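Visitor: Pasting in a structure now, in structure tokens, and then I'll have a few things to ask.
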Amino acid sequence: MDDPRQGLAALFAEAVSAADPYQAILRYLPERPKGRTIVVGAGKAASQMASAFERAWKAPLEGVVVARHGPVAPCESITVMQAAHPVPDEAGIRSAEALLRQVQGLTEEDLVVALISGGGSSLLPAPPLGFNLADEALLNRALLASGAPISAINVVRAHFSRIKAGRLAAAAYPARVISLIVSDIPGDQASLVASGPTVPDQMRAEDALRVIRDYRIELPEAIITEISNAHVPDPDTVQFKRTSSHIIASAAVSLKAVAMAAQLQGIETRILSDAIEGEAKDIGLMHAAMAREIAWHNQPFTKPVLLLSGGETTVTIGPQGAGKGGRNTEFLLSFALAIEGMKGIYALAADTDGIDGSENNAGAFCDGTTAARLRQSGADGREYLMRHDAYSAFERIGDLFVPGPTGTNVNDFRAILIR
């Protein structure tokens with residue numbers, strides 16, 4: 001890998017390619033129904049999945065999917081609506097209602113294909129009766145700032161909704177419902193991707209309350225009471241007897257594809273995990289400690305070696321608020337500070353959807369010179385890290401990685417090359 005940055009960027013492209021919606025959907029096309037084919041969906045990859053399904057499905061279809069605001073893939077028969085992410089907006093309310101209307105009045109001969117990807121929770125706000133968009137937005141802000149993992153966050157969201165936790169599939173009964181899912185959840189539990197609008201789970205109100213308690217999430221008493229009294233649909237009820245779900249793309253699949261591509265170039269590769277969770281800056285320190293150990297002592301792996309990992313880290317925002325950025329740049333800034341002065345270590349951390357947190361970058365690059373170059377520019381990397389402003393730090397020294405939206409979403413991608 002003569003140019004580490006170019007090489008790491010190429011491996012990111014390999015990860016994205018392995019999660020391409022069209023190729024994944026081709027492997028899971030359902031049988032055609034005698035009746036109508038209805039497509040519904042939500043998530044950061046919703047329009048790309050819908051466009052891919054239209055190309056693959058050689059029969060009449062109709063439907064609605066919801067993508068985030070911004071560029072979308074064109075569709076002919078499927079309507080693409082757009083809403084806000086990560087905090088829901090009024091367009092999201094209209095979109096959720098449109099999906100619920102789309103599956104009304106179906107029969108046993110009809111087929112519903114649900115195209116679900118990460119980000120769908122925020123794109124489908126449907127607060128319980130008696131609550132409004134402001135309540136759901138407040139809940140989302142509190143959850144996002146809590147530092148709770150996405151799996152725990154989505155348990156809470158599922159208990160404050162009229163569409164999540166399988167409720168969209170229940171509304172489609174007695175039609176057959178098949179969910180094709182691009183997973184952004186460590187462990188790939190289908191019911192937690194986008195809070196499972198078409199996949200019910202055995203979660204209960206006490207599970208949601210435990211998350212709120214354990215992560216000290218402050219919420220109005222009315223929302224706590226609603227969650228306490230919420231009853232999510234039982235997976236064993238008749239409404240779900242004709243439903244099935246398939247994880248068609250995930251971090252595990254993408255990391256294996258990257259490892260194979262790197263090894264074909266003669267680069268020894270190790271996948272640490274596809275399901276790493278935890279505070280981004282702490283995970284950065286852990287990765288840095290391993291990189292240093294390899295660089296100094298050739299253990300637990302012998303250099304040269306490429307380390308890969310995936311999952312979804314978190315950033316806990318305190319009362320001081322936050323600057324610009326997301327979990328991948330926060331991870332990388334912590335990593336960069338911990339490898340300062342070390343030669344032969346290069347890293348890329350990026351979100352596979354192409355957007356890391358609040359800005360337009362997927363992530364950033366770093367090496368052993370990053371911290372020193374920040375100081376030379378008149379900045380202190382640790383101060384940026386404390387302010388959760390990693391985007392500004394990497395922007396200052398020109399190390400941002402900006403590939404643009406990718407049309408898929410299988411979570412964090414981290415690649416560390418130790419020469």
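By convention here, the chains of the structure tokens are called A, B, ... in the order presented, each chain's residues are numbered starting at 1, and ligands are numbered starting at 1 in the order presented.
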Might you pull out every residue within 7 Å of stretch 114-124 of chain A, with only C-alpha atoms counted and same-chain residues fewer than 4 positions away left off, and present them as a PyMOL selection string?
Guide: chain A and resi 39-46+49+66+68+83-88+92-93+95-96+178-184+193-195+409
Visitor: Limited to N, CA and C atoms, could you put the picked residues into a file as a short mmCIF file (atom, residue, chain, number, x, y, z; two decimals), in the first residue's frame?
Guide:
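Output file result.cif follows:
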```
data_model
loop_
_atom_site.label_atom_id
_atom_site.label_comp_id
_atom_site.auth_asym_id
_atom_site.auth_seq_id
_atom_site.Cartn_x
_atom_site.Cartn_y
_atom_site.Cartn_z
N VAL A 39 -44.60 -2.02 -1.79
CA VAL A 39 -43.28 -1.78 -1.22
C VAL A 39 -43.36 -0.63 -0.22
N VAL A 40 -42.87 -0.87 0.99
CA VAL A 40 -42.74 0.19 2.00
C VAL A 40 -41.31 0.14 2.52
N GLY A 41 -40.88 1.23 3.12
CA GLY A 41 -39.52 1.19 3.65
C GLY A 41 -39.10 2.50 4.27
N ALA A 42 -38.01 2.44 5.02
CA ALA A 42 -37.47 3.65 5.66
C ALA A 42 -36.03 3.42 6.01
N GLY A 43 -35.24 4.49 5.95
CA GLY A 43 -33.84 4.42 6.34
C GLY A 43 -32.95 5.24 5.44
N LYS A 44 -31.69 5.33 5.80
CA LYS A 44 -30.74 6.11 5.02
C LYS A 44 -30.53 5.52 3.63
N ALA A 45 -30.75 4.21 3.49
CA ALA A 45 -30.59 3.55 2.19
C ALA A 45 -31.92 3.30 1.50
N ALA A 46 -33.00 3.92 1.97
CA ALA A 46 -34.35 3.58 1.49
C ALA A 46 -34.52 3.80 -0.01
N MET A 49 -32.46 1.29 -2.02
CA MET A 49 -33.05 -0.04 -1.95
C MET A 49 -34.31 -0.12 -2.81
N VAL A 66 -39.28 6.07 2.78
CA VAL A 66 -38.88 7.35 3.39
C VAL A 66 -37.36 7.39 3.54
N ARG A 68 -33.79 10.15 4.14
CA ARG A 68 -33.45 11.42 4.80
C ARG A 68 -33.40 12.54 3.76
N ALA A 83 -37.50 12.94 5.03
CA ALA A 83 -37.72 13.46 6.37
C ALA A 83 -36.38 13.70 7.03
N ALA A 84 -36.40 14.23 8.25
CA ALA A 84 -35.17 14.64 8.93
C ALA A 84 -34.56 13.49 9.72
N HIS A 85 -33.24 13.55 9.82
CA HIS A 85 -32.45 12.62 10.63
C HIS A 85 -31.26 13.40 11.21
N PRO A 86 -30.93 13.26 12.50
CA PRO A 86 -31.42 12.27 13.45
C PRO A 86 -32.61 12.71 14.30
N VAL A 87 -32.95 14.00 14.28
CA VAL A 87 -34.11 14.47 15.05
C VAL A 87 -35.30 14.61 14.10
N PRO A 88 -36.43 13.96 14.38
CA PRO A 88 -37.55 13.93 13.43
C PRO A 88 -38.19 15.30 13.21
N GLY A 92 -41.52 13.81 8.61
CA GLY A 92 -41.48 12.44 9.09
C GLY A 92 -42.84 11.96 9.57
N ILE A 93 -43.59 12.85 10.22
CA ILE A 93 -44.95 12.51 10.66
C ILE A 93 -45.81 12.15 9.45
N SER A 95 -44.78 11.14 6.56
CA SER A 95 -44.25 9.93 5.93
C SER A 95 -44.72 8.67 6.64
N ALA A 96 -44.68 8.69 7.97
CA ALA A 96 -45.14 7.53 8.73
C ALA A 96 -46.61 7.25 8.46
N ILE A 178 -42.62 -9.47 3.88
CA ILE A 178 -41.22 -9.89 3.85
C ILE A 178 -40.34 -8.66 4.02
N SER A 179 -39.49 -8.68 5.04
CA SER A 179 -38.61 -7.55 5.33
C SER A 179 -37.21 -7.85 4.86
N LEU A 180 -36.66 -6.98 4.02
CA LEU A 180 -35.28 -7.06 3.55
C LEU A 180 -34.51 -5.94 4.24
N ILE A 181 -33.51 -6.30 5.04
CA ILE A 181 -32.94 -5.37 6.00
C ILE A 181 -31.44 -5.20 5.80
N VAL A 182 -31.02 -3.95 5.68
CA VAL A 182 -29.60 -3.59 5.73
C VAL A 182 -29.31 -3.17 7.17
N SER A 183 -28.53 -3.99 7.88
CA SER A 183 -28.40 -3.82 9.33
C SER A 183 -27.31 -2.84 9.72
N ASP A 184 -27.66 -1.93 10.64
CA ASP A 184 -26.66 -1.06 11.27
C ASP A 184 -26.59 -1.34 12.76
N VAL A 193 -33.32 -2.93 14.01
CA VAL A 193 -32.96 -2.04 12.90
C VAL A 193 -34.15 -1.13 12.61
N ALA A 194 -33.93 0.18 12.69
CA ALA A 194 -35.01 1.17 12.52
C ALA A 194 -36.14 0.94 13.50
N SER A 195 -35.83 0.33 14.64
CA SER A 195 -36.83 0.01 15.68
C SER A 195 -37.89 -0.96 15.17
N ASN A 409 -25.89 1.48 4.53
CA ASN A 409 -25.60 1.85 5.91
C ASN A 409 -25.40 0.58 6.75
#
```
Visitor: So which residues of stretch 247-407 of chain A fall under helix (DSSP H, G or I) by DSSP, listed as a count of residues only?
Guide: 64
Visitor: Return as JSON, numbers by chain the full set of residues in stretch 61-175 of chain A whose backbone-based DSSP assignment is strand (DSSP E or B).
Guide: {"A": [62, 63, 64, 65, 66, 67, 68, 78, 79, 80, 81, 82, 83, 111, 112, 113, 114, 115, 116, 117]}
Visitor: Closest to A:Asp234 among A:Met203, A:Val113, A:Ala338, A:Ile418, using only C-alpha atoms?
Guide: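 Residue with the minimum atom-to-atom distance to A:Asp234: A:Met203.
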Visitor: May I ask which of the residues A:Asp282, A:Glu97, A:Asp135, A:Glu277 is the closest one to A:Ile185, counting only C-alpha atoms?
Guide: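 Nearest to A:Ile185: A:Glu277.
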Visitor: Between A:Thr329, A:Asn361, A:Gln202, A:Ser146, single out the one closest to A:Arg216, counting only C-alpha atoms.
Guide: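 Using only C-alpha atoms, A:Arg216 sits closest to A:Ser146.
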Visitor: Using only C-alpha atoms, determine which residues lie at most 12 Å from A:Ser377, disregarding the query and same-chain residues fewer than 2 positions distant; provide the list as a list in words.
Guide: Thr370, Ala371, Ala372, Arg373, Leu374, Arg375, Ala379, Asp380, Gly381, Ala393, Phe394, Glu395, Arg396, Ile397 and Gly398 of chain A
Visitor: Just to be explicit: take each residue in the selection above, keep C-alpha atoms, and write the result as a compact mmCIF listing (two decimals), in the first residue's frame.
Guide:
```txt
# COMPACT_ATOMS: atom_id res chain seq x y z
CA THR A 370 -1.83 14.23 13.34
CA ALA A 371 -1.57 15.54 16.92
CA ALA A 372 1.65 17.45 16.16
CA ARG A 373 0.18 19.02 13.03
CA LEU A 374 -2.79 20.21 15.07
CA ARG A 375 -0.45 21.92 17.54
CA ALA A 379 -4.81 24.04 18.20
CA ASP A 380 -4.87 21.45 21.00
CA GLY A 381 -6.40 18.13 19.96
CA ALA A 393 -9.95 19.46 14.38
CA PHE A 394 -9.63 17.32 11.25
CA GLU A 395 -11.01 20.09 9.04
CA ARG A 396 -8.30 22.41 10.37
CA ILE A 397 -5.50 20.16 9.08
CA GLY A 398 -7.24 18.89 5.94
```
Visitor: With a distance cut-off of 12 Å and only C-alpha atoms, select the neighbouring residues of A:Trp296, excluding the residue or stretch itself and same-chain residues fewer than 2 positions from it, and output the selection as a tab-separated table (two decimals) with C-alpha atoms, in the first residue's frame.
Guide:
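Result file is selection30.tsv:
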```
chain	number	residue	atom	x	y	z
A	289	ALA	CA	-3.09	0.46	22.54
A	290	MET	CA	-3.27	-2.56	20.22
A	291	ALA	CA	-1.63	-0.65	17.35
A	292	ARG	CA	1.22	0.44	19.64
A	293	GLU	CA	1.71	-3.11	20.91
A	294	ILE	CA	1.99	-4.43	17.37
A	298	ASN	CA	4.85	-7.57	17.12
A	299	GLN	CA	2.04	-8.89	19.31
A	300	PRO	CA	-0.73	-10.00	19.28
A	301	PHE	CA	-0.13	-9.77	15.51
A	302	THR	CA	3.05	-9.40	13.49
A	303	LYS	CA	3.48	-6.29	11.38
A	304	PRO	CA	2.80	-5.40	8.67
A	339	ILE	CA	-0.33	7.25	18.75
A	342	MET	CA	4.65	6.79	16.10
A	343	LYS	CA	5.79	6.00	12.58
A	344	GLY	CA	4.12	3.53	10.28
A	345	ILE	CA	0.57	3.69	11.73
A	418	ILE	CA	0.58	-0.91	10.88
A	419	ARG	CA	3.62	-1.11	8.61
```
Visitor: Might you pull out every residue within 10 Å of A:Leu209, with only C-alpha atoms counted and same-chain residues fewer than 5 positions away left off, and present them as a list in words?
Guide: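 My reading of the contact set: Val155, Val156, His159, Arg204, Asp214, Ile217, Ile224, Thr225, Ile227 and Ser228 of chain A.
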Visitor: Using N, CA and C atoms, can you write the selected residues to a file as a PDB file, in the first residue's frame?
Guide:
```pdb
ATOM      1  N   VAL A 155     -34.967   0.223  21.650  1.00  0.00           N
ATOM      2  CA  VAL A 155     -35.949  -0.402  22.555  1.00  0.00           C
ATOM      3  C   VAL A 155     -36.871   0.670  23.124  1.00  0.00           C
ATOM      4  N   VAL A 156     -36.302   1.799  23.510  1.00  0.00           N
ATOM      5  CA  VAL A 156     -37.128   2.893  24.044  1.00  0.00           C
ATOM      6  C   VAL A 156     -38.021   3.460  22.954  1.00  0.00           C
ATOM      7  N   HIS A 159     -41.281   1.723  22.212  1.00  0.00           N
ATOM      8  CA  HIS A 159     -42.361   1.848  23.182  1.00  0.00           C
ATOM      9  C   HIS A 159     -43.025   3.222  23.170  1.00  0.00           C
ATOM     10  N   ARG A 204     -40.225  -5.652  26.335  1.00  0.00           N
ATOM     11  CA  ARG A 204     -41.341  -5.199  27.152  1.00  0.00           C
ATOM     12  C   ARG A 204     -41.037  -3.835  27.759  1.00  0.00           C
ATOM     13  N   ASP A 214     -30.772   3.196  33.512  1.00  0.00           N
ATOM     14  CA  ASP A 214     -29.338   2.906  33.503  1.00  0.00           C
ATOM     15  C   ASP A 214     -28.517   4.030  32.882  1.00  0.00           C
ATOM     16  N   ILE A 217     -31.468   8.969  31.661  1.00  0.00           N
ATOM     17  CA  ILE A 217     -32.085   9.812  30.637  1.00  0.00           C
ATOM     18  C   ILE A 217     -33.246  10.569  31.263  1.00  0.00           C
ATOM     19  N   ILE A 224     -42.591   9.128  30.347  1.00  0.00           N
ATOM     20  CA  ILE A 224     -42.255   7.955  31.165  1.00  0.00           C
ATOM     21  C   ILE A 224     -43.496   7.110  31.411  1.00  0.00           C
ATOM     22  N   THR A 225     -44.618   7.768  31.745  1.00  0.00           N
ATOM     23  CA  THR A 225     -45.860   7.039  32.014  1.00  0.00           C
ATOM     24  C   THR A 225     -46.341   6.312  30.770  1.00  0.00           C
ATOM     25  N   ILE A 227     -44.541   5.209  28.243  1.00  0.00           N
ATOM     26  CA  ILE A 227     -43.660   4.063  28.005  1.00  0.00           C
ATOM     27  C   ILE A 227     -43.951   2.950  29.001  1.00  0.00           C
ATOM     28  N   SER A 228     -44.224   3.317  30.250  1.00  0.00           N
ATOM     29  CA  SER A 228     -44.528   2.317  31.286  1.00  0.00           C
ATOM     30  C   SER A 228     -45.772   1.509  30.939  1.00  0.00           C
TER      31      SER A 228
END
```
Visitor: Under the rule that only C-alpha atoms are counted, which of A:Ala336, A:Val238, A:Val72, A:Ala350 is the nearest residue to A:Gly311?
Guide: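 Among the listed residues, the smallest separation from A:Gly311 belongs to A:Ala350.
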Visitor: Check the smallest atom-to-atom distance from each of A:Leu99, A:Ile317, A:Ala172, A:Ala257 to A:Ala142 using only C-alpha atoms, then report the winner.
Guide: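 Between A:Leu99, A:Ile317, A:Ala172, A:Ala257, the residue approaching A:Ala142 most closely is A:Ile317.
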Visitor: For a quick check of understanding, using only C-alpha atoms, which of A:Gly105, A:Pro33, A:Pro186, A:Gly363 has the smallest distance to A:Pro174?
Guide: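 Checking each of A:Gly105, A:Pro33, A:Pro186, A:Gly363 against A:Pro174, counting only C-alpha atoms, the winner is A:Gly105.
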Visitor: Rounded to one decimal in Å, what is the spacing between atom CA of A:Ser358 and atom CA of A:Leu168?
Guide: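 Computed distance, atom CA of A:Ser358 to atom CA of A:Leu168, equals 29.1 Å.
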Visitor: Using only C-alpha atoms, which protein or nucleic acid residues come within 10 Å of A:Ala262? Drop anything in the same chain fewer than 2 positions from it, and give the result as an MDAnalysis selection string.
Guide: chainID A and resid 1 7:8 10:11 14 256:260 264:269 305:306
Visitor: Please, could you write that set of residues out with N, CA and C atoms as a tab-separated table (two decimals), in the first residue's frame?
Guide:
```
chain	number	residue	atom	x	y	z
A	1	MET	N	0.86	-1.18	0.00
A	1	MET	CA	0.00	0.00	0.00
A	1	MET	C	0.89	1.23	0.00
A	7	GLY	N	-5.10	3.90	-0.25
A	7	GLY	CA	-5.39	2.49	-0.04
A	7	GLY	C	-6.52	2.26	0.95
A	8	LEU	N	-6.53	3.01	2.05
A	8	LEU	CA	-7.60	2.87	3.04
A	8	LEU	C	-8.94	3.33	2.47
A	10	ALA	N	-9.79	3.13	-0.63
A	10	ALA	CA	-10.22	2.06	-1.55
A	10	ALA	C	-10.87	0.91	-0.78
A	11	LEU	N	-10.36	0.62	0.42
A	11	LEU	CA	-10.96	-0.44	1.23
A	11	LEU	C	-12.33	-0.02	1.74
A	14	GLU	N	-14.67	-0.72	-0.92
A	14	GLU	CA	-14.94	-2.15	-0.98
A	14	GLU	C	-16.02	-2.53	0.04
A	256	LYS	N	-15.66	-8.79	5.94
A	256	LYS	CA	-15.09	-9.98	5.31
A	256	LYS	C	-14.67	-9.68	3.87
A	257	ALA	N	-15.48	-8.89	3.17
A	257	ALA	CA	-15.14	-8.52	1.79
A	257	ALA	C	-13.87	-7.67	1.75
A	258	VAL	N	-13.74	-6.74	2.70
A	258	VAL	CA	-12.55	-5.89	2.77
A	258	VAL	C	-11.32	-6.74	3.09
A	259	ALA	N	-11.46	-7.65	4.04
A	259	ALA	CA	-10.33	-8.51	4.40
A	259	ALA	C	-9.85	-9.32	3.20
A	260	MET	N	-10.81	-9.83	2.42
A	260	MET	CA	-10.44	-10.61	1.25
A	260	MET	C	-9.71	-9.74	0.22
A	264	LEU	N	-5.76	-10.17	-0.98
A	264	LEU	CA	-5.40	-10.36	-2.37
A	264	LEU	C	-4.27	-9.43	-2.80
A	265	GLN	N	-4.13	-8.31	-2.06
A	265	GLN	CA	-3.02	-7.38	-2.31
A	265	GLN	C	-1.77	-7.76	-1.51
A	266	GLY	N	-1.86	-8.86	-0.78
A	266	GLY	CA	-0.72	-9.30	0.02
A	266	GLY	C	-0.64	-8.66	1.38
A	267	ILE	N	-1.75	-8.07	1.86
A	267	ILE	CA	-1.76	-7.40	3.16
A	267	ILE	C	-2.40	-8.32	4.19
A	268	GLU	N	-1.64	-8.76	5.17
A	268	GLU	CA	-2.18	-9.60	6.24
A	268	GLU	C	-3.25	-8.80	6.99
A	269	THR	N	-4.41	-9.41	7.21
A	269	THR	CA	-5.55	-8.68	7.75
A	269	THR	C	-6.18	-9.43	8.91
A	305	VAL	N	0.43	-5.37	9.19
A	305	VAL	CA	-0.89	-5.96	9.35
A	305	VAL	C	-1.95	-4.86	9.24
A	306	LEU	N	-3.12	-5.25	8.75
A	306	LEU	CA	-4.27	-4.34	8.68
A	306	LEU	C	-5.30	-4.81	9.68
```
